[in-house]
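Structure, as structure tokens:
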Amino acid sequence: MLPVGRVVRRRFGERGHKRGFGDRKIARRLKRVEGGRKPRGRGPEFAARKIRHETSDRIDAIPYGGIGAIHQLAGKVGLIDALNTRLPILKLRRPYSEADHILNIAYNSICGGTVLDDIEVRRNDTAFIDALGARTIPDPTTAGDFCRRFDVEQIQALMDIVNDVRVGVWQRQPAAFFDQTAKIDADGSIVETGGECKQGMGLSYNGIWGYHPLLISLANTGEPLFIANRGGNRPSEEGAPGYFDRAVELCRRAGWTDILLRGDTAFSLTAHFDRWTDGGVRFVFGTDAHVLLRETAETLEQGEYRELIRKADIALDEHAKRAKQPRIKEQIVREKEYTNLRLVLEEVAEFEHQPKKAKRPYRIVVVCKTIAEEKGQRSLGMRERYFFYVTNDRTMTAEDVVKEANGRCNQENLIEQMKNGVRAFQAPLNTLDANWAYMVITSLAWSFKSWFALLTPVVPRWREKHEADRERVLRMEFRSFVQRFILIPAQILRTGRTLVYRYLAWRPDLPILFRLLDAL
């Protein structure tokens, strides 16, 4: 395969751009309109009228110039070689290898594709094919057939291969990366399908037909570690203990010593509490407000409760108070005289409790929320609601336990990205295992985004700015990442044995891309 990016590394230096490149050009243009500008006569600012459209046979260009950096990244971290040597799916390669098929599906997502049929757009784009140094790429039907070749063992092997590569990326991080706690989150989500013949689908608790994949992720980097596809009628926690154990082993192999498991009430699996505790693994789970816990919480002395002050409240007190914007929703609720539940007070306390399936007591943190019930201008009284969290950590404050439990909710954002950003949580194929393989393969696009951020170097002279850039890319939504780093018009040239991506437009974030290219 032709090397990519050599010319870019020569032309762009450490700071990521050549003097007088597009950043200064656009800066001068924007400077002229600061504070407003006189209109152009009576017409609009978008003044283009006579436009001539042409096609070019001499210049090959693609709208997703950032794909070259992603392809270099996949090769540099060893993913391509690992897939071709450790994943025996094909009996005969005609001509595509396992890595070709997998990257074809992942690249479809990272180039803005939303369904498998979007592969056909790039399959008929000679510039895109040349940009990857290929002769052809698999068509959508072939991509679907490849996913149907997977069985459960091969899907597990695929996740292990990707995670082995992931460990290598983590181990390239500075020592401070492993000083923090590795936080492993788990949750399930319903993937709806309107198909009539989807093998393995089920009817979920809320009447939706589809699948119910389980996602195990690392909160520190937002990376999906394991995905397990199940029927829509399966419980959220099914299979979670085994995947938790594999995630713990993965993090310890990378270099973390302090590991924290987090999940909602469904993942409060008391039969495994003693084993995790003996293994040095901490956990914070929500737990159901069953009768015994509620009775214990109600019998606690008033002095054992203290007001729960959240970090956001502290931050607001430290800054100058601003006038609050009118609460439009609350106004409508009052005008329509709907029942309105308004939070008045939050209090926190703790006590010991031994679950039936555990051999030792564990720490229970309870949050008591006092809620005012209103209808229009009338007060209907006050009610109390209890929320319980169980942990084996004796050093965190009760407030920290609540904060960790609430922090797990950020995984909902990752699930939303898996559904609507990367489009990994979809069911385009006809069997449970084929859709499972599709989910795992497509989620690679999100992992590429994470590795892009983690492998972008930090130059000591601009450490603060570069570290902020890395964190911003790491937390960036997938579609924003595609717009900023992938959808860059680029001319594709061949010079000798080198493949050149000549970028035809400037983006404010291109210096970050050039730093990554220097590192690769």
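Naming scheme: A, B, ... for chains in displayed order of the structure tokens; residues 1 onward per chain; ligands 1 onward as shown.
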Which residues come within 10 Å of A:Lys359, counting only C-alpha atoms, excluding same-chain residues fewer than 6 positions away, as a compact mmCIF listing (two decimals) with N, CA, C and O atoms, in the first residue's frame?
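Saved to selection.txt:
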# COMPACT_ATOMS: atom_id res chain seq x y z
N THR A 270 -25.59 -8.38 43.82
CA THR A 270 -25.04 -8.63 45.16
C THR A 270 -24.27 -9.93 45.26
O THR A 270 -23.40 -10.07 46.12
N ALA A 271 -24.55 -10.91 44.41
CA ALA A 271 -23.85 -12.18 44.46
C ALA A 271 -22.37 -12.03 44.11
O ALA A 271 -21.55 -12.91 44.44
N PHE A 273 -20.57 -9.08 44.88
CA PHE A 273 -19.97 -8.02 45.69
C PHE A 273 -18.73 -8.51 46.43
O PHE A 273 -17.68 -7.83 46.43
N ASP A 274 -18.83 -9.67 47.09
CA ASP A 274 -17.70 -10.18 47.88
C ASP A 274 -16.50 -10.47 46.99
O ASP A 274 -15.35 -10.15 47.34
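The nearest approach to A:Tyr64 among the residues A:Gly381, A:Gly112, A:Gly421, A:Pro39, with only C-alpha atoms taken into account, belongs to A:Gly112.
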Exercise. Which residues come within 9 Å of A:Glu373, counting only C-alpha atoms, excluding same-chain residues fewer than 6 positions away, as a ChimeraX atom specification?
Worked result: /A:339-342,379-383
Near stretch 258-265 of chain A, within 8 Å and counting only C-alpha atoms, which residues show up once chain neighbours fewer than 3 positions away are dropped, as a PDB file with all heavy atoms, in the first residue's frame?
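The resulting file, selection.pdb, is reproduced below:
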ATOM      1  N   GLN A 180      -5.094   8.367  37.839  1.00  0.00           N
ATOM      2  CA  GLN A 180      -6.509   8.532  38.126  1.00  0.00           C
ATOM      3  C   GLN A 180      -7.196   7.172  38.201  1.00  0.00           C
ATOM      4  O   GLN A 180      -6.645   6.158  37.767  1.00  0.00           O
ATOM      5  CB  GLN A 180      -7.156   9.390  37.037  1.00  0.00           C
ATOM      6  CG  GLN A 180      -6.969   8.846  35.635  1.00  0.00           C
ATOM      7  CD  GLN A 180      -7.479   9.770  34.570  1.00  0.00           C
ATOM      8  OE1 GLN A 180      -8.354  10.583  34.807  1.00  0.00           O
ATOM      9  NE2 GLN A 180      -6.923   9.665  33.366  1.00  0.00           N
ATOM     10  N   THR A 181      -8.397   7.145  38.737  1.00  0.00           N
ATOM     11  CA  THR A 181      -9.164   5.908  38.845  1.00  0.00           C
ATOM     12  C   THR A 181      -9.751   5.533  37.493  1.00  0.00           C
ATOM     13  O   THR A 181     -10.308   6.380  36.791  1.00  0.00           O
ATOM     14  CB  THR A 181     -10.307   6.089  39.863  1.00  0.00           C
ATOM     15  OG1 THR A 181      -9.762   6.437  41.131  1.00  0.00           O
ATOM     16  CG2 THR A 181     -11.121   4.813  40.002  1.00  0.00           C
ATOM     17  N   ALA A 182      -9.640   4.263  37.121  1.00  0.00           N
ATOM     18  CA  ALA A 182     -10.293   3.760  35.915  1.00  0.00           C
ATOM     19  C   ALA A 182     -11.752   3.472  36.249  1.00  0.00           C
ATOM     20  O   ALA A 182     -12.049   2.617  37.086  1.00  0.00           O
ATOM     21  CB  ALA A 182      -9.596   2.495  35.412  1.00  0.00           C
ATOM     22  N   LYS A 183     -12.649   4.185  35.603  1.00  0.00           N
ATOM     23  CA  LYS A 183     -14.077   4.064  35.899  1.00  0.00           C
ATOM     24  C   LYS A 183     -14.771   3.321  34.765  1.00  0.00           C
ATOM     25  O   LYS A 183     -14.821   3.800  33.628  1.00  0.00           O
ATOM     26  CB  LYS A 183     -14.693   5.459  36.088  1.00  0.00           C
ATOM     27  CG  LYS A 183     -14.051   6.225  37.252  1.00  0.00           C
ATOM     28  CD  LYS A 183     -14.592   7.631  37.373  1.00  0.00           C
ATOM     29  CE  LYS A 183     -13.881   8.371  38.511  1.00  0.00           C
ATOM     30  NZ  LYS A 183     -14.364   9.765  38.669  1.00  0.00           N
ATOM     31  N   ILE A 184     -15.301   2.144  35.097  1.00  0.00           N
ATOM     32  CA  ILE A 184     -15.940   1.270  34.110  1.00  0.00           C
ATOM     33  C   ILE A 184     -17.448   1.332  34.305  1.00  0.00           C
ATOM     34  O   ILE A 184     -17.948   1.020  35.386  1.00  0.00           O
ATOM     35  CB  ILE A 184     -15.428  -0.173  34.254  1.00  0.00           C
ATOM     36  CG1 ILE A 184     -13.908  -0.217  34.065  1.00  0.00           C
ATOM     37  CG2 ILE A 184     -16.122  -1.090  33.266  1.00  0.00           C
ATOM     38  CD1 ILE A 184     -13.296  -1.561  34.409  1.00  0.00           C
ATOM     39  N   ASP A 185     -18.151   1.744  33.267  1.00  0.00           N
ATOM     40  CA  ASP A 185     -19.604   1.913  33.325  1.00  0.00           C
ATOM     41  C   ASP A 185     -20.300   0.830  32.511  1.00  0.00           C
ATOM     42  O   ASP A 185     -19.740   0.296  31.546  1.00  0.00           O
ATOM     43  CB  ASP A 185     -20.017   3.285  32.774  1.00  0.00           C
ATOM     44  CG  ASP A 185     -19.491   4.434  33.620  1.00  0.00           C
ATOM     45  OD1 ASP A 185     -19.222   4.194  34.817  1.00  0.00           O
ATOM     46  OD2 ASP A 185     -19.346   5.552  33.097  1.00  0.00           O
ATOM     47  N   ALA A 186     -21.539   0.536  32.892  1.00  0.00           N
ATOM     48  CA  ALA A 186     -22.339  -0.450  32.168  1.00  0.00           C
ATOM     49  C   ALA A 186     -23.777   0.033  32.058  1.00  0.00           C
ATOM     50  O   ALA A 186     -24.315   0.623  33.000  1.00  0.00           O
ATOM     51  CB  ALA A 186     -22.300  -1.806  32.880  1.00  0.00           C
ATOM     52  N   ASP A 187     -24.377  -0.221  30.904  1.00  0.00           N
ATOM     53  CA  ASP A 187     -25.788   0.099  30.720  1.00  0.00           C
ATOM     54  C   ASP A 187     -26.281  -0.604  29.461  1.00  0.00           C
ATOM     55  O   ASP A 187     -25.494  -0.954  28.582  1.00  0.00           O
ATOM     56  CB  ASP A 187     -26.014   1.602  30.609  1.00  0.00           C
ATOM     57  CG  ASP A 187     -27.440   2.008  30.970  1.00  0.00           C
ATOM     58  OD1 ASP A 187     -28.232   1.108  31.321  1.00  0.00           O
ATOM     59  OD2 ASP A 187     -27.769   3.206  30.910  1.00  0.00           O
ATOM     60  N   PHE A 244     -17.707  -7.138  33.039  1.00  0.00           N
ATOM     61  CA  PHE A 244     -17.033  -6.332  34.061  1.00  0.00           C
ATOM     62  C   PHE A 244     -15.655  -6.924  34.369  1.00  0.00           C
ATOM     63  O   PHE A 244     -14.653  -6.194  34.436  1.00  0.00           O
ATOM     64  CB  PHE A 244     -17.867  -6.282  35.336  1.00  0.00           C
ATOM     65  CG  PHE A 244     -18.813  -5.112  35.425  1.00  0.00           C
ATOM     66  CD1 PHE A 244     -20.078  -5.252  35.972  1.00  0.00           C
ATOM     67  CD2 PHE A 244     -18.434  -3.855  34.989  1.00  0.00           C
ATOM     68  CE1 PHE A 244     -20.948  -4.175  36.064  1.00  0.00           C
ATOM     69  CE2 PHE A 244     -19.288  -2.765  35.076  1.00  0.00           C
ATOM     70  CZ  PHE A 244     -20.551  -2.929  35.612  1.00  0.00           C
ATOM     71  N   VAL A 248     -12.027  -5.175  33.833  1.00  0.00           N
ATOM     72  CA  VAL A 248     -11.075  -4.981  34.934  1.00  0.00           C
ATOM     73  C   VAL A 248      -9.705  -5.533  34.543  1.00  0.00           C
ATOM     74  O   VAL A 248      -8.668  -4.879  34.748  1.00  0.00           O
ATOM     75  CB  VAL A 248     -11.597  -5.660  36.219  1.00  0.00           C
ATOM     76  CG1 VAL A 248     -10.505  -5.716  37.286  1.00  0.00           C
ATOM     77  CG2 VAL A 248     -12.817  -4.918  36.755  1.00  0.00           C
ATOM     78  N   CYS A 251      -8.000  -3.178  32.063  1.00  0.00           N
ATOM     79  CA  CYS A 251      -7.456  -1.956  32.662  1.00  0.00           C
ATOM     80  C   CYS A 251      -6.204  -2.246  33.488  1.00  0.00           C
ATOM     81  O   CYS A 251      -5.254  -1.447  33.488  1.00  0.00           O
ATOM     82  CB  CYS A 251      -8.524  -1.277  33.519  1.00  0.00           C
ATOM     83  SG  CYS A 251      -9.896  -0.579  32.572  1.00  0.00           S
ATOM     84  N   SER A 268     -26.670  -3.807  40.278  1.00  0.00           N
ATOM     85  CA  SER A 268     -26.327  -4.042  41.680  1.00  0.00           C
ATOM     86  C   SER A 268     -26.441  -5.544  41.953  1.00  0.00           C
ATOM     87  O   SER A 268     -27.391  -6.022  42.583  1.00  0.00           O
ATOM     88  CB  SER A 268     -27.271  -3.239  42.586  1.00  0.00           C
ATOM     89  OG  SER A 268     -26.906  -3.379  43.937  1.00  0.00           O
ATOM     90  N   VAL A 281     -11.412  -4.433  43.771  1.00  0.00           N
ATOM     91  CA  VAL A 281     -12.183  -3.602  42.846  1.00  0.00           C
ATOM     92  C   VAL A 281     -13.253  -2.865  43.626  1.00  0.00           C
ATOM     93  O   VAL A 281     -14.030  -3.476  44.373  1.00  0.00           O
ATOM     94  CB  VAL A 281     -12.832  -4.464  41.738  1.00  0.00           C
ATOM     95  CG1 VAL A 281     -13.677  -3.593  40.816  1.00  0.00           C
ATOM     96  CG2 VAL A 281     -11.766  -5.205  40.958  1.00  0.00           C
ATOM     97  N   ARG A 282     -13.296  -1.544  43.473  1.00  0.00           N
ATOM     98  CA  ARG A 282     -14.338  -0.744  44.119  1.00  0.00           C
ATOM     99  C   ARG A 282     -15.570  -0.670  43.221  1.00  0.00           C
ATOM    100  O   ARG A 282     -15.472  -0.855  42.001  1.00  0.00           O
ATOM    101  CB  ARG A 282     -13.835   0.663  44.422  1.00  0.00           C
ATOM    102  CG  ARG A 282     -12.647   0.696  45.376  1.00  0.00           C
ATOM    103  CD  ARG A 282     -12.310   2.123  45.784  1.00  0.00           C
ATOM    104  NE  ARG A 282     -11.870   2.920  44.644  1.00  0.00           N
ATOM    105  CZ  ARG A 282     -12.273   4.152  44.394  1.00  0.00           C
ATOM    106  NH1 ARG A 282     -13.177   4.727  45.170  1.00  0.00           N
ATOM    107  NH2 ARG A 282     -11.802   4.828  43.348  1.00  0.00           N
ATOM    108  N   PHE A 283     -16.705  -0.391  43.804  1.00  0.00           N
ATOM    109  CA  PHE A 283     -17.914  -0.235  42.992  1.00  0.00           C
ATOM    110  C   PHE A 283     -18.859   0.766  43.662  1.00  0.00           C
ATOM    111  O   PHE A 283     -18.847   0.968  44.878  1.00  0.00           O
ATOM    112  CB  PHE A 283     -18.621  -1.576  42.761  1.00  0.00           C
ATOM    113  CG  PHE A 283     -19.026  -2.317  44.022  1.00  0.00           C
ATOM    114  CD1 PHE A 283     -20.148  -1.950  44.751  1.00  0.00           C
ATOM    115  CD2 PHE A 283     -18.269  -3.394  44.489  1.00  0.00           C
ATOM    116  CE1 PHE A 283     -20.526  -2.634  45.896  1.00  0.00           C
ATOM    117  CE2 PHE A 283     -18.629  -4.087  45.643  1.00  0.00           C
ATOM    118  CZ  PHE A 283     -19.765  -3.697  46.346  1.00  0.00           C
ATOM    119  N   VAL A 284     -19.676   1.402  42.823  1.00  0.00           N
ATOM    120  CA  VAL A 284     -20.788   2.249  43.259  1.00  0.00           C
ATOM    121  C   VAL A 284     -21.956   1.936  42.334  1.00  0.00           C
ATOM    122  O   VAL A 284     -21.888   2.191  41.126  1.00  0.00           O
ATOM    123  CB  VAL A 284     -20.447   3.753  43.175  1.00  0.00           C
ATOM    124  CG1 VAL A 284     -21.697   4.587  43.478  1.00  0.00           C
ATOM    125  CG2 VAL A 284     -19.331   4.119  44.146  1.00  0.00           C
ATOM    126  N   PHE A 285     -23.005   1.344  42.905  1.00  0.00           N
ATOM    127  CA  PHE A 285     -24.191   1.008  42.124  1.00  0.00           C
ATOM    128  C   PHE A 285     -25.423   1.634  42.773  1.00  0.00           C
ATOM    129  O   PHE A 285     -25.491   1.782  44.000  1.00  0.00           O
ATOM    130  CB  PHE A 285     -24.403  -0.511  42.053  1.00  0.00           C
ATOM    131  CG  PHE A 285     -23.304  -1.260  41.352  1.00  0.00           C
ATOM    132  CD1 PHE A 285     -22.525  -2.186  42.039  1.00  0.00           C
ATOM    133  CD2 PHE A 285     -23.051  -1.050  40.001  1.00  0.00           C
ATOM    134  CE1 PHE A 285     -21.520  -2.891  41.387  1.00  0.00           C
ATOM    135  CE2 PHE A 285     -22.045  -1.750  39.351  1.00  0.00           C
ATOM    136  CZ  PHE A 285     -21.278  -2.669  40.042  1.00  0.00           C
ATOM    137  N   GLY A 286     -26.386   1.970  41.953  1.00  0.00           N
ATOM    138  CA  GLY A 286     -27.691   2.271  42.504  1.00  0.00           C
ATOM    139  C   GLY A 286     -28.322   0.983  42.989  1.00  0.00           C
ATOM    140  O   GLY A 286     -27.987  -0.103  42.506  1.00  0.00           O
ATOM    141  N   THR A 287     -29.223   1.081  43.928  1.00  0.00           N
ATOM    142  CA  THR A 287     -29.905  -0.125  44.416  1.00  0.00           C
ATOM    143  C   THR A 287     -31.371   0.195  44.641  1.00  0.00           C
ATOM    144  O   THR A 287     -31.729   1.332  44.967  1.00  0.00           O
ATOM    145  CB  THR A 287     -29.241  -0.646  45.709  1.00  0.00           C
ATOM    146  OG1 THR A 287     -29.824  -1.902  46.080  1.00  0.00           O
ATOM    147  CG2 THR A 287     -29.402   0.332  46.855  1.00  0.00           C
ATOM    148  N   ASP A 288     -32.209  -0.799  44.429  1.00  0.00           N
ATOM    149  CA  ASP A 288     -33.660  -0.595  44.513  1.00  0.00           C
ATOM    150  C   ASP A 288     -34.078  -0.182  45.919  1.00  0.00           C
ATOM    151  O   ASP A 288     -33.518  -0.658  46.925  1.00  0.00           O
ATOM    152  CB  ASP A 288     -34.398  -1.874  44.127  1.00  0.00           C
ATOM    153  CG  ASP A 288     -34.252  -2.193  42.647  1.00  0.00           C
ATOM    154  OD1 ASP A 288     -34.192  -1.232  41.849  1.00  0.00           O
ATOM    155  OD2 ASP A 288     -34.199  -3.386  42.289  1.00  0.00           O
ATOM    156  N   GLU A 404     -20.310  10.075  42.135  1.00  0.00           N
ATOM    157  CA  GLU A 404     -19.885   8.999  41.251  1.00  0.00           C
ATOM    158  C   GLU A 404     -21.094   8.305  40.619  1.00  0.00           C
ATOM    159  O   GLU A 404     -21.084   7.984  39.424  1.00  0.00           O
ATOM    160  CB  GLU A 404     -19.045   7.971  42.007  1.00  0.00           C
ATOM    161  CG  GLU A 404     -17.665   8.456  42.398  1.00  0.00           C
ATOM    162  CD  GLU A 404     -16.758   8.707  41.204  1.00  0.00           C
ATOM    163  OE1 GLU A 404     -17.109   8.278  40.086  1.00  0.00           O
ATOM    164  OE2 GLU A 404     -15.704   9.322  41.385  1.00  0.00           O
ATOM    165  N   ALA A 405     -22.125   8.081  41.403  1.00  0.00           N
ATOM    166  CA  ALA A 405     -23.323   7.429  40.868  1.00  0.00           C
ATOM    167  C   ALA A 405     -23.979   8.293  39.792  1.00  0.00           C
ATOM    168  O   ALA A 405     -24.420   7.782  38.759  1.00  0.00           O
ATOM    169  CB  ALA A 405     -24.309   7.145  42.000  1.00  0.00           C
ATOM    170  N   ARG A 408     -22.074   8.387  36.343  1.00  0.00           N
ATOM    171  CA  ARG A 408     -22.301   7.294  35.405  1.00  0.00           C
ATOM    172  C   ARG A 408     -23.326   7.666  34.346  1.00  0.00           C
ATOM    173  O   ARG A 408     -23.323   7.120  33.225  1.00  0.00           O
ATOM    174  CB  ARG A 408     -22.771   6.054  36.163  1.00  0.00           C
ATOM    175  CG  ARG A 408     -22.895   4.810  35.295  1.00  0.00           C
ATOM    176  CD  ARG A 408     -24.051   3.937  35.721  1.00  0.00           C
ATOM    177  NE  ARG A 408     -25.315   4.614  35.654  1.00  0.00           N
ATOM    178  CZ  ARG A 408     -26.040   4.733  34.527  1.00  0.00           C
ATOM    179  NH1 ARG A 408     -25.599   4.249  33.400  1.00  0.00           N
ATOM    180  NH2 ARG A 408     -27.207   5.354  34.542  1.00  0.00           N
TER     181      ARG A 408
END
Distance query A:Pro140 at most 7 Å, only C-alpha atoms, self and fewer than 5 positions along chain excluded, as an mmCIF file with N, CA, C and O atoms, in the first residue's frame:
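Written file, result.cif:
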data_model
loop_
_atom_site.group_PDB
_atom_site.id
_atom_site.type_symbol
_atom_site.label_atom_id
_atom_site.label_comp_id
_atom_site.auth_asym_id
_atom_site.auth_seq_id
_atom_site.Cartn_x
_atom_site.Cartn_y
_atom_site.Cartn_z
ATOM 1 N N LEU A 116 -25.547 1.111 5.525
ATOM 2 C CA LEU A 116 -24.596 0.331 4.724
ATOM 3 C C LEU A 116 -24.631 0.730 3.248
ATOM 4 O O LEU A 116 -23.607 0.712 2.562
ATOM 5 N N ASP A 117 -25.793 1.103 2.750
ATOM 6 C CA ASP A 117 -25.898 1.473 1.337
ATOM 7 C C ASP A 117 -25.055 2.692 0.987
ATOM 8 O O ASP A 117 -24.739 2.909 -0.189
ATOM 9 N N ILE A 119 -22.054 3.018 1.471
ATOM 10 C CA ILE A 119 -20.767 2.539 0.960
ATOM 11 C C ILE A 119 -20.721 2.656 -0.554
ATOM 12 O O ILE A 119 -19.664 2.901 -1.148
ATOM 13 N N GLU A 120 -21.872 2.502 -1.191
ATOM 14 C CA GLU A 120 -21.926 2.549 -2.655
ATOM 15 C C GLU A 120 -21.456 3.897 -3.192
ATOM 16 O O GLU A 120 -20.893 3.973 -4.295
#
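Counting from atom CA of A:Gly194, the distance to atom CA of A:Thr431 is 13.8 Å.
For the residues A:Ser204, A:Asn410, A:Thr397, A:Thr370, ranking by smallest atom-to-atom distance to A:Ala219 using only C-alpha atoms places A:Asn410 first.
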Exercise. Which residue out of A:Ala175, A:Ala519, A:Ala437, A:Leu345 has the minimum interatomic distance to A:His101 when only C-alpha atoms are used?
Worked result: A:Ala437
For this session: Using only C-alpha atoms, find the one residue out of A:Leu308, A:Asp164, A:Ala134, A:Thr257 that sits nearest to A:Phe178.
Result: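 Nearest candidate to A:Phe178 out of A:Leu308, A:Asp164, A:Ala134, A:Thr257: A:Thr257.
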Problem set entry | Atom-to-atom span, atom CA of A:Leu73 and atom CA of A:Leu517, Å | 8.7 Å
For this session: For A:Asp125, please output as a PyMOL selection string all residues within 10 Å (counting only C-alpha atoms; exclusion window: fewer than 3 positions along the same chain).
Result: chain A and resi 60-62+120-122+128-131+136
Problem set entry | Nearest residue to A:Ala247 from the set A:Asp160, A:Asp151, A:Asp179, A:Glu337 (distances using only C-alpha atoms) |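 The closest residue to A:Ala247 is A:Asp160.
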Exercise. Smallest atom-to-atom distance to A:Thr299: which of A:Val482, A:Arg494, A:Ala349, A:Gly280, using only C-alpha atoms?
Worked result: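 Selected residue with least distance to A:Thr299: A:Ala349.
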Exercise. Quick one: residues within 7 Å of A:Ala434, only C-alpha atoms counted, chain neighbours fewer than 5 positions away excluded, as a PyMOL selection string?
Worked result: chain A and resi 147-148+150+429
Just N, CA, C and O atoms for this one: save the residues we selected as a compact mmCIF listing (two decimals), in the first residue's frame.
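So the final result, stored in part_21.txt, reads:
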# COMPACT_ATOMS: atom_id res chain seq x y z
N CYS A 147 -20.55 -9.53 7.60
CA CYS A 147 -21.05 -9.52 8.99
C CYS A 147 -21.78 -10.81 9.31
O CYS A 147 -21.73 -11.29 10.46
N ARG A 148 -22.47 -11.41 8.34
CA ARG A 148 -23.20 -12.65 8.59
C ARG A 148 -22.28 -13.86 8.76
O ARG A 148 -22.75 -14.93 9.17
N PHE A 150 -19.89 -14.02 10.92
CA PHE A 150 -19.41 -14.08 12.30
C PHE A 150 -20.28 -14.99 13.14
O PHE A 150 -21.52 -14.99 13.03
N LEU A 429 -29.15 -5.82 9.56
CA LEU A 429 -29.04 -7.18 9.03
C LEU A 429 -30.11 -8.08 9.63
O LEU A 429 -30.96 -7.63 10.42
